[in-house]
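K.L.:
Sharing a structure below in structure tokens format, with a few things to ask.
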Amino acid sequence: MTQTPSFAHTLRIYWEDTDAGGVVFYANYLKFFERARTEWLRARGFEQETLRANQRVMFVVADTRVRYLRPARLDDQLRVTVEVREAGRASMDIAQVAWRGDERLAEGEIRIGCVDTDSFKPRRIPAELLEGLTASPR
């Protein structure tokens, strides 16, 4: 099992993220998790569009599980973490948590798979990409 220290991405809650009561709509946590994974890749030196264009690979979400603990509200600032729990040859299991300060609001388990951009068939995660995503940050 491979594990990396958490990466954190900060975001603000806007009207568009909330329901009529000013509480974050539950499905938006998946968008927040996606944004954090994108920024995690970028912080590790991997742009998704470059991976798609140059290496003909992209990550797709294969499975999600989210547990909602406390509501986030309009104008809250959240910290969304990313941690690789397990990395295989063609997929990764990632743990993500949305925090408001020290308060855990939602936690997710996301399985992403690496696919060929033309066929959408599973393929191995390129070695340099896998190493870059699972190595300890510099």
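Residues in the structure tokens are named by chain (A, B, ... in the order shown) and by number from 1 within that chain; ligands are numbered from 1 in the order shown.
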Could you pull out all residues of stretch 33-133 of chain A with a DSSP call of strand (DSSP E) and give them as a PyMOL selection string?
P.N.:
chain A and resi 57-68+77-87+91-100+103-116
K.L.:
Report as a PyMOL selection string: the residues of chain A with a DSSP assignment of alpha helix (DSSP H), based on the backbone of this structure.
P.N.:
chain A and resi 28-43+48-50+127-134
K.L.:
For A:Gln77, which residue among A:Lys121, A:Arg42, A:Arg52, A:Arg100 is the nearest when counting only C-alpha atoms?
P.N.:
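Using only C-alpha atoms, the shortest distance to A:Gln77 belongs to A:Arg100.
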K.L.:
Which one of A:Val23, A:Cys114, A:Ala135, A:Leu105 sits closest to A:Asp75 if you count only C-alpha atoms?
P.N.:
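Nearest to A:Asp75: A:Val23.
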K.L.:
Kindly indicate which residue among A:Phe46, A:Phe25, A:Trp15, A:Trp99 lies nearest to A:Thr81, using only C-alpha atoms for the distances.
P.N.:
A:Trp99
K.L.:
Might you pull out every residue within 12 Å of A:Leu51, with only C-alpha atoms counted and same-chain residues fewer than 6 positions away left off, and present them as a compact mmCIF listing (two decimals) with C-alpha atoms, in the first residue's frame?
P.N.:
# COMPACT_ATOMS: atom_id res chain seq x y z
CA LEU A 41 -1.97 16.97 -9.79
CA ARG A 42 -0.89 20.49 -10.75
CA GLY A 45 3.79 18.97 -11.87
CA VAL A 57 -4.05 9.29 -20.72
CA MET A 58 -6.62 10.72 -18.38
CA PHE A 59 -8.15 9.86 -15.05
CA CYS A 114 -6.34 5.69 -15.80
CA VAL A 115 -7.75 5.31 -19.30
CA ASP A 116 -6.60 5.75 -22.88
CA THR A 117 -8.03 9.01 -24.23
CA ILE A 125 -0.55 4.72 -15.17
CA PRO A 126 2.73 5.89 -16.78
CA GLU A 128 6.82 8.72 -14.06
CA LEU A 129 3.27 9.85 -13.30
K.L.:
From the set A:Ile112, A:Val80, A:Ala90, A:Ala106, which residue has the shortest atom-to-atom contact distance to A:His9, counting only C-alpha atoms?
P.N.:
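Closest to A:His9 of all the choices is A:Val80.
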K.L.:
Find the distance between atom CA of A:Asp63 and atom CA of A:Glu107 and write it in Å to one decimal.
P.N.:
14.0 Å
K.L.:
Let me make sure I understand: among A:Gly113, A:Pro122, A:Gly132, A:Gly108, which one has the smallest atom-to-atom distance to A:Thr64 if we use only C-alpha atoms?
P.N.:
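Closest residue, counting only C-alpha atoms: A:Gly108.
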K.L.:
Please determine, counting only C-alpha atoms, which residue among A:Ser91, A:Leu11, A:Glu86, A:Ala127 has the shortest atom-to-atom distance to A:Val60.
P.N.:
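Of the candidates, the smallest distance to A:Val60 is held by A:Ser91.
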K.L.:
For A:Gly22, list every protein, DNA or RNA residue within 6 Å, evaluated using only C-alpha atoms, and leave out those in the same chain fewer than 2 positions away; present the list as a short mmCIF file (atom, residue, chain, number, x, y, z; two decimals) with N, CA and C atoms, in the first residue's frame.
P.N.:
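This is the output file part-v4.cif:
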data_model
loop_
_atom_site.label_atom_id
_atom_site.label_comp_id
_atom_site.auth_asym_id
_atom_site.auth_seq_id
_atom_site.Cartn_x
_atom_site.Cartn_y
_atom_site.Cartn_z
N THR A 18 -24.77 26.68 -2.87
CA THR A 18 -25.70 26.41 -1.78
C THR A 18 -27.13 26.18 -2.26
N ASP A 19 -27.93 25.67 -1.36
CA ASP A 19 -29.37 25.54 -1.60
C ASP A 19 -30.06 26.80 -1.10
N ALA A 20 -31.38 26.81 -1.09
CA ALA A 20 -32.13 28.00 -0.69
C ALA A 20 -31.86 28.41 0.76
N ARG A 73 -21.56 26.33 4.87
CA ARG A 73 -22.53 27.40 4.59
C ARG A 73 -21.89 28.50 3.74
N LEU A 74 -22.76 29.34 3.23
CA LEU A 74 -22.35 30.47 2.43
C LEU A 74 -21.21 31.24 3.10
#
K.L.:
With a distance cut-off of 9 Å and only C-alpha atoms, select the neighbouring residues of A:Ser6, excluding the residue or stretch itself and same-chain residues fewer than 3 positions from it, and output the selection as a list in words.
P.N.:
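Everything that qualifies: Thr81, Val82, Glu83, Val84 and Gln96 of chain A.
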K.L.:
Store the residues of this selection in a file with C-alpha atoms, as a CSV table (one decimal), in the first residue's frame.
P.N.:
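Result written to result_35.csv:
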chain,number,residue,atom,x,y,z
A,81,THR,CA,-7.4,17.4,1.4
A,82,VAL,CA,-6.1,14.7,-0.9
A,83,GLU,CA,-4.3,11.6,0.2
A,84,VAL,CA,-3.5,8.5,-1.9
A,96,GLN,CA,-10.5,13.3,0.7
K.L.:
What is the distance between atom CA of A:Gly101 and atom CA of A:Arg70, in Å to one decimal?
P.N.:
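Distance reported for this atom pair: 12.4 Å.
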K.L.:
Atom CA of A:Lys31 and atom CA of A:Gly88 are how many Å apart?
P.N.:
24.0 Å
K.L.:
Pick out the residues sitting within 9 Å of A:Tyr26, and hand them over as an mmCIF file with C-alpha atoms, in the first residue's frame; count only C-alpha atoms, and ignore anything fewer than 4 positions along from it in its own chain.
P.N.:
data_model
loop_
_atom_site.group_PDB
_atom_site.id
_atom_site.type_symbol
_atom_site.label_atom_id
_atom_site.label_comp_id
_atom_site.auth_asym_id
_atom_site.auth_seq_id
_atom_site.Cartn_x
_atom_site.Cartn_y
_atom_site.Cartn_z
ATOM 1 C CA THR A 18 -25.704 26.411 -1.775
ATOM 2 C CA LEU A 30 -17.865 15.934 -5.283
ATOM 3 C CA TYR A 68 -21.601 14.025 5.232
ATOM 4 C CA PRO A 71 -23.008 21.439 6.823
#
